[in-house]
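K.L.:
Next comes entry17.pdb, PDB, C-alpha atoms, pLDDT in the B column:
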```pdb
ATOM      1  CA  MET A   1      16.790-101.228-195.081  1.00 84.00           C
ATOM      2  CA  THR A   2      14.489-100.915-192.118  1.00 92.00           C
ATOM      3  CA  LEU A   3      14.395-102.225-188.578  1.00 96.00           C
ATOM      4  CA  ALA A   4      10.812-101.940-187.454  1.00 95.00           C
ATOM      5  CA  ALA A   5       9.060-102.317-184.113  1.00 95.00           C
ATOM      6  CA  ARG A   6       5.383-103.125-184.346  1.00 94.00           C
ATOM      7  CA  ASP A   7       3.237-102.670-181.234  1.00 94.00           C
ATOM      8  CA  LEU A   8       6.040-103.830-178.929  1.00 94.00           C
ATOM      9  CA  SER A   9       5.235-104.544-175.309  1.00 95.00           C
ATOM     10  CA  VAL A  10       7.431-105.938-172.535  1.00 96.00           C
ATOM     11  CA  ALA A  11       5.824-106.407-169.137  1.00 93.00           C
ATOM     12  CA  ASN A  12       6.383-103.366-166.930  1.00 91.00           C
ATOM     13  CA  ARG A  13       8.963-101.935-169.343  1.00 95.00           C
ATOM     14  CA  LEU A  14       7.542-101.137-172.807  1.00 96.00           C
ATOM     15  CA  THR A  15       4.006-100.461-174.027  1.00 95.00           C
ATOM     16  CA  ASP A  16       2.732-100.178-177.613  1.00 95.00           C
ATOM     17  CA  VAL A  17       6.007 -99.060-179.213  1.00 97.00           C
ATOM     18  CA  PHE A  18       5.844 -98.441-182.967  1.00 96.00           C
ATOM     19  CA  LEU A  19       9.064 -97.452-184.784  1.00 96.00           C
ATOM     20  CA  ASP A  20      10.478 -97.597-188.297  1.00 95.00           C
ATOM     21  CA  LEU A  21      14.253 -97.180-188.110  1.00 97.00           C
ATOM     22  CA  HIS A  22      16.132 -96.536-191.341  1.00 95.00           C
ATOM     23  CA  SER A  23      19.606 -97.432-192.532  1.00 96.00           C
ATOM     24  CA  GLY A  24      21.837 -94.499-193.374  1.00 97.00           C
ATOM     25  CA  GLU A  25      20.733 -92.644-190.229  1.00 97.00           C
ATOM     26  CA  ILE A  26      21.905 -92.208-186.659  1.00 98.00           C
ATOM     27  CA  THR A  27      18.941 -92.565-184.323  1.00 98.00           C
ATOM     28  CA  ALA A  28      19.345 -91.589-180.671  1.00 98.00           C
ATOM     29  CA  ILE A  29      17.075 -93.144-178.046  1.00 98.00           C
ATOM     30  CA  CYS A  30      16.758 -90.801-175.085  1.00 98.00           C
ATOM     31  CA  GLY A  31      14.724 -90.653-171.914  1.00 98.00           C
ATOM     32  CA  PRO A  32      14.980 -90.498-168.133  1.00 97.00           C
ATOM     33  CA  ASN A  33      16.163 -93.403-166.008  1.00 95.00           C
ATOM     34  CA  GLY A  34      13.796 -96.356-166.199  1.00 94.00           C
ATOM     35  CA  ALA A  35      12.130 -95.145-169.392  1.00 96.00           C
ATOM     36  CA  GLY A  36      12.766 -98.450-171.210  1.00 96.00           C
ATOM     37  CA  LYS A  37      15.696 -97.412-173.432  1.00 97.00           C
ATOM     38  CA  SER A  38      17.937-100.433-172.783  1.00 96.00           C
ATOM     39  CA  THR A  39      14.982-102.792-172.980  1.00 96.00           C
ATOM     40  CA  LEU A  40      13.979-101.403-176.365  1.00 97.00           C
ATOM     41  CA  LEU A  41      17.516-101.833-177.694  1.00 97.00           C
ATOM     42  CA  GLN A  42      17.638-105.427-176.464  1.00 96.00           C
ATOM     43  CA  VAL A  43      14.305-106.212-178.102  1.00 96.00           C
ATOM     44  CA  LEU A  44      15.508-104.666-181.372  1.00 97.00           C
ATOM     45  CA  ALA A  45      18.632-106.840-181.155  1.00 95.00           C
ATOM     46  CA  GLY A  46      16.521-109.962-180.642  1.00 94.00           C
ATOM     47  CA  LEU A  47      17.825-110.559-177.112  1.00 94.00           C
ATOM     48  CA  ILE A  48      14.474-110.112-175.364  1.00 93.00           C
ATOM     49  CA  GLU A  49      11.268-111.563-176.736  1.00 92.00           C
ATOM     50  CA  PRO A  50       8.389-109.115-176.360  1.00 94.00           C
ATOM     51  CA  VAL A  51       5.150-110.266-174.787  1.00 94.00           C
ATOM     52  CA  GLY A  52       3.372-108.459-177.600  1.00 95.00           C
ATOM     53  CA  GLY A  53       4.270-107.176-181.035  1.00 95.00           C
ATOM     54  CA  THR A  54       7.105-108.001-183.404  1.00 95.00           C
ATOM     55  CA  VAL A  55      10.467-106.732-184.641  1.00 96.00           C
ATOM     56  CA  CYS A  56      11.058-106.949-188.392  1.00 96.00           C
ATOM     57  CA  LEU A  57      14.287-106.610-190.345  1.00 96.00           C
ATOM     58  CA  ASN A  58      13.427-105.596-193.899  1.00 93.00           C
ATOM     59  CA  GLU A  59       9.843-106.761-193.324  1.00 92.00           C
ATOM     60  CA  GLN A  60      10.993-110.198-192.127  1.00 95.00           C
ATOM     61  CA  PRO A  61      10.195-111.049-188.489  1.00 95.00           C
ATOM     62  CA  LEU A  62      13.442-111.081-186.540  1.00 93.00           C
ATOM     63  CA  ALA A  63      12.374-114.211-184.663  1.00 89.00           C
ATOM     64  CA  GLY A  64      12.338-116.120-187.953  1.00 93.00           C
ATOM     65  CA  ILE A  65      15.876-115.183-188.994  1.00 93.00           C
ATOM     66  CA  ALA A  66      18.616-117.747-188.318  1.00 93.00           C
ATOM     67  CA  PRO A  67      20.890-116.740-185.406  1.00 91.00           C
ATOM     68  CA  ARG A  68      24.058-116.547-187.544  1.00 91.00           C
ATOM     69  CA  GLU A  69      22.344-114.402-190.168  1.00 93.00           C
ATOM     70  CA  ARG A  70      20.931-112.160-187.475  1.00 93.00           C
ATOM     71  CA  ALA A  71      24.368-111.805-185.873  1.00 91.00           C
ATOM     72  CA  ARG A  72      25.821-110.749-189.219  1.00 93.00           C
ATOM     73  CA  ALA A  73      23.095-108.153-189.653  1.00 95.00           C
ATOM     74  CA  ILE A  74      22.910-106.676-186.147  1.00 96.00           C
ATOM     75  CA  GLY A  75      25.816-105.735-183.891  1.00 95.00           C
ATOM     76  CA  TYR A  76      24.860-105.042-180.269  1.00 95.00           C
ATOM     77  CA  LEU A  77      26.868-103.405-177.473  1.00 93.00           C
ATOM     78  CA  PRO A  78      25.285-103.649-173.988  1.00 91.00           C
ATOM     79  CA  GLN A  79      25.392-100.889-171.412  1.00 85.00           C
ATOM     80  CA  THR A  80      27.625-102.783-168.964  1.00 77.00           C
ATOM     81  CA  PRO A  81      29.717-105.118-171.111  1.00 69.00           C
ATOM     82  CA  GLU A  82      32.162-107.549-169.532  1.00 74.00           C
ATOM     83  CA  ILE A  83      35.193-109.484-170.757  1.00 82.00           C
ATOM     84  CA  ALA A  84      35.261-113.008-169.376  1.00 81.00           C
ATOM     85  CA  TRP A  85      38.715-114.055-170.643  1.00 84.00           C
ATOM     86  CA  ASP A  86      42.052-112.275-170.349  1.00 90.00           C
ATOM     87  CA  VAL A  87      42.914-112.507-174.036  1.00 94.00           C
ATOM     88  CA  PRO A  88      44.912-110.060-176.178  1.00 96.00           C
ATOM     89  CA  VAL A  89      42.970-107.107-177.522  1.00 96.00           C
ATOM     90  CA  ARG A  90      43.336-108.189-181.144  1.00 95.00           C
ATOM     91  CA  ARG A  91      42.036-111.682-180.338  1.00 94.00           C
ATOM     92  CA  LEU A  92      38.939-110.258-178.664  1.00 94.00           C
ATOM     93  CA  VAL A  93      38.217-107.997-181.622  1.00 95.00           C
ATOM     94  CA  GLU A  94      38.698-110.965-183.976  1.00 95.00           C
ATOM     95  CA  LEU A  95      35.837-112.710-182.167  1.00 93.00           C
ATOM     96  CA  GLY A  96      33.542-110.199-183.823  1.00 93.00           C
ATOM     97  CA  ARG A  97      34.127-112.093-187.060  1.00 93.00           C
ATOM     98  CA  MET A  98      32.590-115.321-185.709  1.00 92.00           C
ATOM     99  CA  PRO A  99      29.200-114.828-187.428  1.00 91.00           C
ATOM    100  CA  HIS A 100      31.077-114.751-190.727  1.00 90.00           C
ATOM    101  CA  GLY A 101      33.169-117.835-189.954  1.00 86.00           C
ATOM    102  CA  ASP A 102      36.458-116.043-190.605  1.00 83.00           C
ATOM    103  CA  ALA A 103      38.991-113.760-188.935  1.00 75.00           C
ATOM    104  CA  ARG A 104      39.778-111.507-191.888  1.00 78.00           C
ATOM    105  CA  SER A 105      42.406-108.992-190.882  1.00 85.00           C
ATOM    106  CA  GLY A 106      40.996-106.079-192.882  1.00 91.00           C
ATOM    107  CA  PRO A 107      37.845-105.461-190.818  1.00 93.00           C
ATOM    108  CA  VAL A 108      39.713-106.238-187.578  1.00 95.00           C
ATOM    109  CA  GLU A 109      42.505-103.771-188.290  1.00 95.00           C
ATOM    110  CA  ALA A 110      39.989-101.154-189.434  1.00 93.00           C
ATOM    111  CA  ALA A 111      38.023-101.536-186.193  1.00 93.00           C
ATOM    112  CA  LEU A 112      41.194-101.280-184.090  1.00 95.00           C
ATOM    113  CA  ALA A 113      42.225 -98.133-185.948  1.00 92.00           C
ATOM    114  CA  ALA A 114      38.751 -96.569-185.722  1.00 88.00           C
ATOM    115  CA  LEU A 115      38.761 -96.911-181.938  1.00 90.00           C
ATOM    116  CA  ASP A 116      42.425 -95.841-181.533  1.00 91.00           C
ATOM    117  CA  LEU A 117      43.440 -99.312-180.332  1.00 95.00           C
ATOM    118  CA  THR A 118      46.153-100.370-182.774  1.00 96.00           C
ATOM    119  CA  HIS A 119      48.899 -99.593-180.262  1.00 96.00           C
ATOM    120  CA  LEU A 120      47.075-101.722-177.660  1.00 96.00           C
ATOM    121  CA  ALA A 121      46.429-104.724-179.913  1.00 96.00           C
ATOM    122  CA  GLY A 122      48.916-106.947-178.061  1.00 95.00           C
ATOM    123  CA  ARG A 123      47.825-105.969-174.553  1.00 96.00           C
ATOM    124  CA  ARG A 124      45.845-108.344-172.357  1.00 95.00           C
ATOM    125  CA  THR A 125      42.296-107.159-171.924  1.00 93.00           C
ATOM    126  CA  GLN A 126      42.284-107.300-168.125  1.00 91.00           C
ATOM    127  CA  SER A 127      45.111-104.756-168.012  1.00 93.00           C
ATOM    128  CA  LEU A 128      42.982-102.106-169.717  1.00 91.00           C
ATOM    129  CA  SER A 129      41.276 -99.095-168.199  1.00 88.00           C
ATOM    130  CA  GLY A 130      37.508 -98.803-168.221  1.00 85.00           C
ATOM    131  CA  GLY A 131      37.522 -96.496-171.227  1.00 86.00           C
ATOM    132  CA  GLU A 132      39.937 -98.733-173.137  1.00 89.00           C
ATOM    133  CA  THR A 133      37.779-101.768-172.378  1.00 90.00           C
ATOM    134  CA  ALA A 134      34.679 -99.978-173.694  1.00 87.00           C
ATOM    135  CA  ARG A 135      36.505 -99.144-176.928  1.00 90.00           C
ATOM    136  CA  VAL A 136      37.735-102.732-177.378  1.00 93.00           C
ATOM    137  CA  LEU A 137      34.239-104.158-176.995  1.00 91.00           C
ATOM    138  CA  LEU A 138      32.843-101.685-179.480  1.00 91.00           C
ATOM    139  CA  ALA A 139      35.670-102.559-181.886  1.00 93.00           C
ATOM    140  CA  ARG A 140      34.534-106.186-181.661  1.00 94.00           C
ATOM    141  CA  VAL A 141      31.073-105.084-182.789  1.00 94.00           C
ATOM    142  CA  LEU A 142      32.466-103.000-185.657  1.00 93.00           C
ATOM    143  CA  ALA A 143      34.761-105.807-186.848  1.00 94.00           C
ATOM    144  CA  ALA A 144      31.658-107.818-187.757  1.00 94.00           C
ATOM    145  CA  GLU A 145      30.685-105.085-190.252  1.00 94.00           C
ATOM    146  CA  PRO A 146      27.008-105.299-189.240  1.00 95.00           C
ATOM    147  CA  ARG A 147      24.319-103.578-191.255  1.00 95.00           C
ATOM    148  CA  TRP A 148      22.875-102.319-187.958  1.00 97.00           C
ATOM    149  CA  ILE A 149      24.894-101.037-184.983  1.00 97.00           C
ATOM    150  CA  LEU A 150      22.913-100.961-181.719  1.00 97.00           C
ATOM    151  CA  ALA A 151      24.892 -99.492-178.826  1.00 96.00           C
ATOM    152  CA  ASP A 152      23.718 -98.765-175.290  1.00 95.00           C
ATOM    153  CA  GLU A 153      25.509 -95.721-173.857  1.00 93.00           C
ATOM    154  CA  PRO A 154      28.670 -96.297-175.934  1.00 92.00           C
ATOM    155  CA  LEU A 155      30.109 -92.890-175.008  1.00 90.00           C
ATOM    156  CA  ALA A 156      29.692 -93.101-171.241  1.00 87.00           C
ATOM    157  CA  ALA A 157      33.209 -94.344-170.400  1.00 81.00           C
ATOM    158  CA  LEU A 158      35.056 -92.349-173.064  1.00 87.00           C
ATOM    159  CA  ASP A 159      36.950 -89.086-172.768  1.00 89.00           C
ATOM    160  CA  LEU A 160      35.956 -86.158-174.963  1.00 91.00           C
ATOM    161  CA  ALA A 161      38.454 -86.869-177.745  1.00 90.00           C
ATOM    162  CA  HIS A 162      37.414 -90.506-178.041  1.00 88.00           C
ATOM    163  CA  GLN A 163      33.730 -89.569-177.850  1.00 91.00           C
ATOM    164  CA  LEU A 164      34.101 -87.280-180.845  1.00 90.00           C
ATOM    165  CA  ALA A 165      36.237 -89.782-182.758  1.00 87.00           C
ATOM    166  CA  LEU A 166      33.637 -92.507-182.216  1.00 89.00           C
ATOM    167  CA  LEU A 167      30.774 -90.234-183.250  1.00 92.00           C
ATOM    168  CA  HIS A 168      32.636 -89.337-186.435  1.00 89.00           C
ATOM    169  CA  HIS A 169      33.206 -93.033-187.162  1.00 88.00           C
ATOM    170  CA  LEU A 170      29.527 -93.838-186.571  1.00 92.00           C
ATOM    171  CA  ARG A 171      28.583 -90.978-188.882  1.00 93.00           C
ATOM    172  CA  ALA A 172      30.837 -92.455-191.559  1.00 91.00           C
ATOM    173  CA  ALA A 173      29.208 -95.870-191.025  1.00 91.00           C
ATOM    174  CA  ALA A 174      25.749 -94.344-191.423  1.00 95.00           C
ATOM    175  CA  ASP A 175      26.835 -92.435-194.524  1.00 95.00           C
ATOM    176  CA  ALA A 176      28.059 -95.759-195.945  1.00 93.00           C
ATOM    177  CA  GLY A 177      24.591 -97.252-195.449  1.00 95.00           C
ATOM    178  CA  ALA A 178      24.569 -98.755-191.961  1.00 96.00           C
ATOM    179  CA  GLY A 179      21.768 -98.124-189.502  1.00 97.00           C
ATOM    180  CA  VAL A 180      23.062 -96.746-186.192  1.00 97.00           C
ATOM    181  CA  VAL A 181      20.916 -96.718-183.047  1.00 98.00           C
ATOM    182  CA  LEU A 182      22.405 -95.281-179.850  1.00 97.00           C
ATOM    183  CA  VAL A 183      21.026 -94.974-176.342  1.00 97.00           C
ATOM    184  CA  LEU A 184      22.259 -91.602-175.090  1.00 97.00           C
ATOM    185  CA  HIS A 185      21.745 -89.720-171.842  1.00 94.00           C
ATOM    186  CA  ASP A 186      23.598 -86.638-173.078  1.00 95.00           C
ATOM    187  CA  LEU A 187      20.898 -84.704-174.896  1.00 97.00           C
ATOM    188  CA  ALA A 188      23.399 -82.260-176.411  1.00 96.00           C
ATOM    189  CA  LEU A 189      25.277 -85.120-178.081  1.00 96.00           C
ATOM    190  CA  ALA A 190      21.984 -86.431-179.419  1.00 97.00           C
ATOM    191  CA  MET A 191      20.964 -82.997-180.679  1.00 97.00           C
ATOM    192  CA  ASN A 192      24.293 -82.325-182.396  1.00 96.00           C
ATOM    193  CA  HIS A 193      25.101 -85.739-183.860  1.00 96.00           C
ATOM    194  CA  ALA A 194      21.894 -87.713-184.476  1.00 97.00           C
ATOM    195  CA  ASP A 195      19.576 -87.502-187.465  1.00 97.00           C
ATOM    196  CA  ARG A 196      16.574 -88.519-185.425  1.00 98.00           C
ATOM    197  CA  VAL A 197      15.664 -88.819-181.753  1.00 98.00           C
ATOM    198  CA  VAL A 198      13.181 -91.179-180.123  1.00 98.00           C
ATOM    199  CA  VAL A 199      12.209 -90.103-176.600  1.00 98.00           C
ATOM    200  CA  LEU A 200      10.854 -92.751-174.256  1.00 98.00           C
ATOM    201  CA  ASP A 201       8.960 -91.997-171.066  1.00 97.00           C
ATOM    202  CA  GLY A 202       7.467 -94.692-168.875  1.00 96.00           C
ATOM    203  CA  GLY A 203       7.956 -97.312-171.578  1.00 96.00           C
ATOM    204  CA  ARG A 204       6.077 -95.341-174.219  1.00 97.00           C
ATOM    205  CA  VAL A 205       7.232 -93.181-177.126  1.00 97.00           C
ATOM    206  CA  ALA A 206       6.869 -89.588-175.951  1.00 97.00           C
ATOM    207  CA  ALA A 207       8.424 -87.975-179.042  1.00 98.00           C
ATOM    208  CA  ASP A 208       9.924 -89.156-182.310  1.00 97.00           C
ATOM    209  CA  GLY A 209      11.338 -87.102-185.142  1.00 97.00           C
ATOM    210  CA  ARG A 210      13.965 -84.550-186.055  1.00 97.00           C
ATOM    211  CA  CYS A 211      16.246 -83.639-183.181  1.00 97.00           C
ATOM    212  CA  GLU A 212      14.915 -80.069-183.074  1.00 95.00           C
ATOM    213  CA  ASP A 213      11.374 -81.355-182.628  1.00 97.00           C
ATOM    214  CA  ALA A 214      11.860 -84.434-180.434  1.00 98.00           C
ATOM    215  CA  LEU A 215      14.171 -82.515-178.075  1.00 97.00           C
ATOM    216  CA  ASP A 216      12.223 -79.283-178.093  1.00 96.00           C
ATOM    217  CA  HIS A 217      12.392 -77.534-174.718  1.00 95.00           C
ATOM    218  CA  ARG A 218       8.724 -78.310-174.103  1.00 96.00           C
ATOM    219  CA  VAL A 219       9.352 -82.049-174.559  1.00 97.00           C
ATOM    220  CA  ILE A 220      12.333 -81.888-172.181  1.00 97.00           C
ATOM    221  CA  GLU A 221      10.295 -80.021-169.596  1.00 97.00           C
ATOM    222  CA  ARG A 222       7.446 -82.524-169.835  1.00 96.00           C
ATOM    223  CA  VAL A 223       9.540 -85.719-169.830  1.00 97.00           C
ATOM    224  CA  TRP A 224      12.522 -84.793-167.637  1.00 97.00           C
ATOM    225  CA  ASN A 225      10.647 -82.310-165.423  1.00 96.00           C
ATOM    226  CA  VAL A 226      13.270 -79.574-165.752  1.00 96.00           C
ATOM    227  CA  GLY A 227      13.267 -76.172-167.348  1.00 95.00           C
ATOM    228  CA  ALA A 228      15.441 -76.136-170.454  1.00 95.00           C
ATOM    229  CA  ARG A 229      16.574 -74.036-173.388  1.00 95.00           C
ATOM    230  CA  TRP A 230      19.010 -74.560-176.240  1.00 97.00           C
ATOM    231  CA  VAL A 231      21.749 -72.079-177.106  1.00 96.00           C
ATOM    232  CA  GLY A 232      24.216 -72.005-179.981  1.00 94.00           C
ATOM    233  CA  ASP A 233      24.154 -72.805-183.666  1.00 93.00           C
ATOM    234  CA  PRO A 234      22.933 -76.060-185.256  1.00 90.00           C
ATOM    235  CA  GLY A 235      25.486 -78.808-184.713  1.00 91.00           C
ATOM    236  CA  GLN A 236      27.037 -76.919-181.805  1.00 93.00           C
ATOM    237  CA  ARG A 237      24.134 -76.543-179.432  1.00 96.00           C
ATOM    238  CA  ALA A 238      24.354 -76.629-175.663  1.00 96.00           C
ATOM    239  CA  LEU A 239      21.481 -77.335-173.285  1.00 96.00           C
ATOM    240  CA  ILE A 240      20.859 -74.971-170.380  1.00 96.00           C
ATOM    241  CA  VAL A 241      18.706 -76.509-167.635  1.00 94.00           C
ATOM    242  CA  THR A 242      17.081 -74.659-164.777  1.00 88.00           C
TER     243      THR A 242
END
```
Using C-alpha cells, write down the structure that the file contains.
P.N.:
Amino acid sequence: MTLAARDLSVANRLTDVFLDLHSGEITAICGPNGAGKSTLLQVLAGLIEPVGGTVCLNEQPLAGIAPRERARAIGYLPQTPEIAWDVPVRRLVELGRMPHGDARSGPVEAALAALDLTHLAGRRTQSLSGGETARVLLARVLAAEPRWILADEPLAALDLAHQLALLHHLRAAADAGAGVVLVLHDLALAMNHADRVVVLDGGRVAADGRCEDALDHRVIERVWNVGARWVGDPGQRALIVT
C-alpha cells in the first residue's frame, strides 16, 4: 500500500512536495523548526487541503474517500494533543474504535498493554502526567488498528524506557504491514530506528532516502547549519554536533 503526495503545496508552508510512502516501513520526517513537517503530516492525514497537488491512498485521491473509511485507514496523532473530557483512560482509548462502529476489547487491551497503560486503565485522564497523557492518546490511535500511523513528535513527552518501548511497538506494526510516518526532531532516533528519512527545509524536500544518505553529515550541515558527524555502529549511532 502507498500513501503518495503529488506536487503538494500549502501557502507559505509547503512547495512542490512529491513523496511515495510505503507500508511496512517506518518513515521519519525531519527538519529544522518551521520546515513544514507538521503541515505535511496534516495534509497526509487529510486534515489540511493543499492549495495545489493531491494526496492518494493506494492511487485513490484522499479527498474522494469517505470520512469513516479514511479514519479506519489513517490514524493521526497531533503534536500538541488535548483531552477535552475527564473520562477514564480505557474509555478514551475505546473511542479509537469509533470508525469501526464497535468497542472490541481485543484491540483496546492490546493498545493499553503496548503503551504500558493497563494499570492506569481506570484512572481519570485529567489526573495523568504529561507523559502518561501522550501515551493514552497514542493508544487511542493504535486501538483503531489503522493501516497508516501518522504521529507528530510522539516521543517528545516520553522517558527513555517508554520511547524505546514505543519504537519497538511501531517497528512491530510496520513489520506486520502498517505504514508508520513519524515527525522526529531527534536525528539519532531517526537514524537508528527508521527505514527512510525525509528531510524538509523551507517547505521543500531537501533529502529523501535511506537514513545514512538523507542524514549524511553534509545534509545536516546544509539544512541545520551545524557541523556534524556520526559515531558508533549501525543501529546505535550517536550524532556529534559542533
K.L.:
Could you tell me which of A:Pro32, A:Thr125, A:Arg13, A:Arg91 comes closest to Asn225 of chain A if we count all atoms listed in the file?
P.N.:
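When distances to Asn225 of chain A are compared using all atoms listed in the file, the smallest one comes from A:Pro32.
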K.L.:
Expand the PyMOL selection byres ((chain A and resi 70) around 12) into the explicit residue set it covers here, and present it as a PyMOL selection string.
P.N.:
chain A and resi 3+44-47+56-58+60-69+71-76+99-100+144+146-148
K.L.:
Mind writing the picked residues with C-alpha atoms as a PDB file, keeping the file's coordinate frame?
P.N.:
```
ATOM      1  CA  LEU A   3      14.395-102.225-188.578  1.00 96.00           C
ATOM      2  CA  LEU A  44      15.508-104.666-181.372  1.00 97.00           C
ATOM      3  CA  ALA A  45      18.632-106.840-181.155  1.00 95.00           C
ATOM      4  CA  GLY A  46      16.521-109.962-180.642  1.00 94.00           C
ATOM      5  CA  LEU A  47      17.825-110.559-177.112  1.00 94.00           C
ATOM      6  CA  CYS A  56      11.058-106.949-188.392  1.00 96.00           C
ATOM      7  CA  LEU A  57      14.287-106.610-190.345  1.00 96.00           C
ATOM      8  CA  ASN A  58      13.427-105.596-193.899  1.00 93.00           C
ATOM      9  CA  GLN A  60      10.993-110.198-192.127  1.00 95.00           C
ATOM     10  CA  PRO A  61      10.195-111.049-188.489  1.00 95.00           C
ATOM     11  CA  LEU A  62      13.442-111.081-186.540  1.00 93.00           C
ATOM     12  CA  ALA A  63      12.374-114.211-184.663  1.00 89.00           C
ATOM     13  CA  GLY A  64      12.338-116.120-187.953  1.00 93.00           C
ATOM     14  CA  ILE A  65      15.876-115.183-188.994  1.00 93.00           C
ATOM     15  CA  ALA A  66      18.616-117.747-188.318  1.00 93.00           C
ATOM     16  CA  PRO A  67      20.890-116.740-185.406  1.00 91.00           C
ATOM     17  CA  ARG A  68      24.058-116.547-187.544  1.00 91.00           C
ATOM     18  CA  GLU A  69      22.344-114.402-190.168  1.00 93.00           C
ATOM     19  CA  ALA A  71      24.368-111.805-185.873  1.00 91.00           C
ATOM     20  CA  ARG A  72      25.821-110.749-189.219  1.00 93.00           C
ATOM     21  CA  ALA A  73      23.095-108.153-189.653  1.00 95.00           C
ATOM     22  CA  ILE A  74      22.910-106.676-186.147  1.00 96.00           C
ATOM     23  CA  GLY A  75      25.816-105.735-183.891  1.00 95.00           C
ATOM     24  CA  TYR A  76      24.860-105.042-180.269  1.00 95.00           C
ATOM     25  CA  PRO A  99      29.200-114.828-187.428  1.00 91.00           C
ATOM     26  CA  HIS A 100      31.077-114.751-190.727  1.00 90.00           C
ATOM     27  CA  ALA A 144      31.658-107.818-187.757  1.00 94.00           C
ATOM     28  CA  PRO A 146      27.008-105.299-189.240  1.00 95.00           C
ATOM     29  CA  ARG A 147      24.319-103.578-191.255  1.00 95.00           C
ATOM     30  CA  TRP A 148      22.875-102.319-187.958  1.00 97.00           C
TER      31      TRP A 148
END
```
K.L.:
Atom CA of Thr15 of chain A to atom CA of Asn33 of chain A: how many Å, to one decimal?
P.N.:
16.2 Å
K.L.:
Could you please determine the separation between atom CA of Ala110 of chain A and atom CA of Val180 of chain A in Å, to one decimal place?
P.N.:
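Between these atoms lies a distance of 17.8 Å.
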K.L.:
Once the PyMOL selection byres ((chain A and resi 43) around 10) has been applied to the shown file, what residues remain in the selection, as a PDB file with C-alpha atoms, in the frame of the given file?
P.N.:
```pdb
ATOM      1  CA  ALA A   5       9.060-102.317-184.113  1.00 95.00           C
ATOM      2  CA  LEU A   8       6.040-103.830-178.929  1.00 94.00           C
ATOM      3  CA  SER A   9       5.235-104.544-175.309  1.00 95.00           C
ATOM      4  CA  VAL A  10       7.431-105.938-172.535  1.00 96.00           C
ATOM      5  CA  LEU A  14       7.542-101.137-172.807  1.00 96.00           C
ATOM      6  CA  SER A  38      17.937-100.433-172.783  1.00 96.00           C
ATOM      7  CA  THR A  39      14.982-102.792-172.980  1.00 96.00           C
ATOM      8  CA  LEU A  40      13.979-101.403-176.365  1.00 97.00           C
ATOM      9  CA  LEU A  41      17.516-101.833-177.694  1.00 97.00           C
ATOM     10  CA  GLN A  42      17.638-105.427-176.464  1.00 96.00           C
ATOM     11  CA  LEU A  44      15.508-104.666-181.372  1.00 97.00           C
ATOM     12  CA  ALA A  45      18.632-106.840-181.155  1.00 95.00           C
ATOM     13  CA  GLY A  46      16.521-109.962-180.642  1.00 94.00           C
ATOM     14  CA  LEU A  47      17.825-110.559-177.112  1.00 94.00           C
ATOM     15  CA  ILE A  48      14.474-110.112-175.364  1.00 93.00           C
ATOM     16  CA  GLU A  49      11.268-111.563-176.736  1.00 92.00           C
ATOM     17  CA  PRO A  50       8.389-109.115-176.360  1.00 94.00           C
ATOM     18  CA  THR A  54       7.105-108.001-183.404  1.00 95.00           C
ATOM     19  CA  VAL A  55      10.467-106.732-184.641  1.00 96.00           C
ATOM     20  CA  LEU A  62      13.442-111.081-186.540  1.00 93.00           C
TER      21      LEU A  62
END
```
K.L.:
Determine, counting only C-alpha atoms, which protein, DNA and RNA residues have an atom within 9 Å of an atom of Gly34 of chain A; residues of the same chain fewer than 5 positions away are not included. Present the result as a list in words.
P.N.:
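Here the answer would be Arg13, Asp201, Gly202 and Gly203 of chain A.
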K.L.:
Could you tell me which residues the PyMOL selection byres ((chain A and resi 19) around 6) returns for this structure, as a ChimeraX atom specification?
P.N.:
/A:4-5,18,20
K.L.:
Measure the distance from atom CA of Ile26 of chain A to atom CA of Leu187 of chain A in Å and round it to one decimal.
P.N.:
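Atom CA of Leu187 of chain A lies 14.0 Å from atom CA of Ile26 of chain A.
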K.L.:
Looking at all atoms listed in the file, which of A:Lys37, A:Arg90, A:Arg222, A:Arg229 is the one that sits closest to Glu153 of chain A?
P.N.:
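Among the listed residues, A:Lys37 lies closest to Glu153 of chain A.
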K.L.:
Please determine the residues with any atom at most 6 Å from (13.2, -89.8, -171.2) (coordinates as given in the file, with all atoms listed in the file counting) and report them as a list of chain:residue names.
P.N.:
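Nearby residues: A:Cys30, A:Gly31, A:Pro32, A:Ala35, A:Val199, A:Leu200, A:Asp201, A:Val223.
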K.L.:
What would the list of residues within 9 Å of (18.4, -93.5, -186.4) (file frame) look like as an MDAnalysis selection string, if all atoms listed in the file are what count?
P.N.:
chainID A and resid 21:29 174 179:182 194:198
K.L.:
Go through A:Asp233, A:Gly227, A:His193, A:Pro154 one by one, measure the shortest atom-to-atom distance of each to Arg210 of chain A using all atoms listed in the file, and give the residue with the smallest value.
P.N.:
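The closest residue to Arg210 of chain A is A:His193.
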K.L.:
So, counting all atoms listed in the file, which residue among A:Ala238, A:Leu158, A:Leu92, A:Met1 is closest to Gly130 of chain A?
P.N.:
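Of the candidates, the smallest distance to Gly130 of chain A is held by A:Leu158.
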K.L.:
Could you work out an axis-aligned bounding box for all listed atoms of segment 188-198 of chain A, with 8 Å added on each of the six sides, and give its centre and edge lengths in Å to one decimal, as JSON?
P.N.:
```
{"center_x": 19.2, "center_y": -86.7, "center_z": -181.9, "size_x": 28.1, "size_y": 24.9, "size_z": 27.1}
```
K.L.:
Determine the nearest neighbour of Val87 of chain A from the options A:His185, A:Arg104, A:Gln126, A:His119, counting all atoms listed in the file.
P.N.:
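The answer is A:Gln126, which sits nearest to Val87 of chain A.
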K.L.:
Looking at all atoms listed in the file, which of A:Leu95, A:Ala214, A:Leu117, A:Ala207 is the one that sits closest to Val141 of chain A?
P.N.:
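Nearest candidate to Val141 of chain A out of A:Leu95, A:Ala214, A:Leu117, A:Ala207: A:Leu95.
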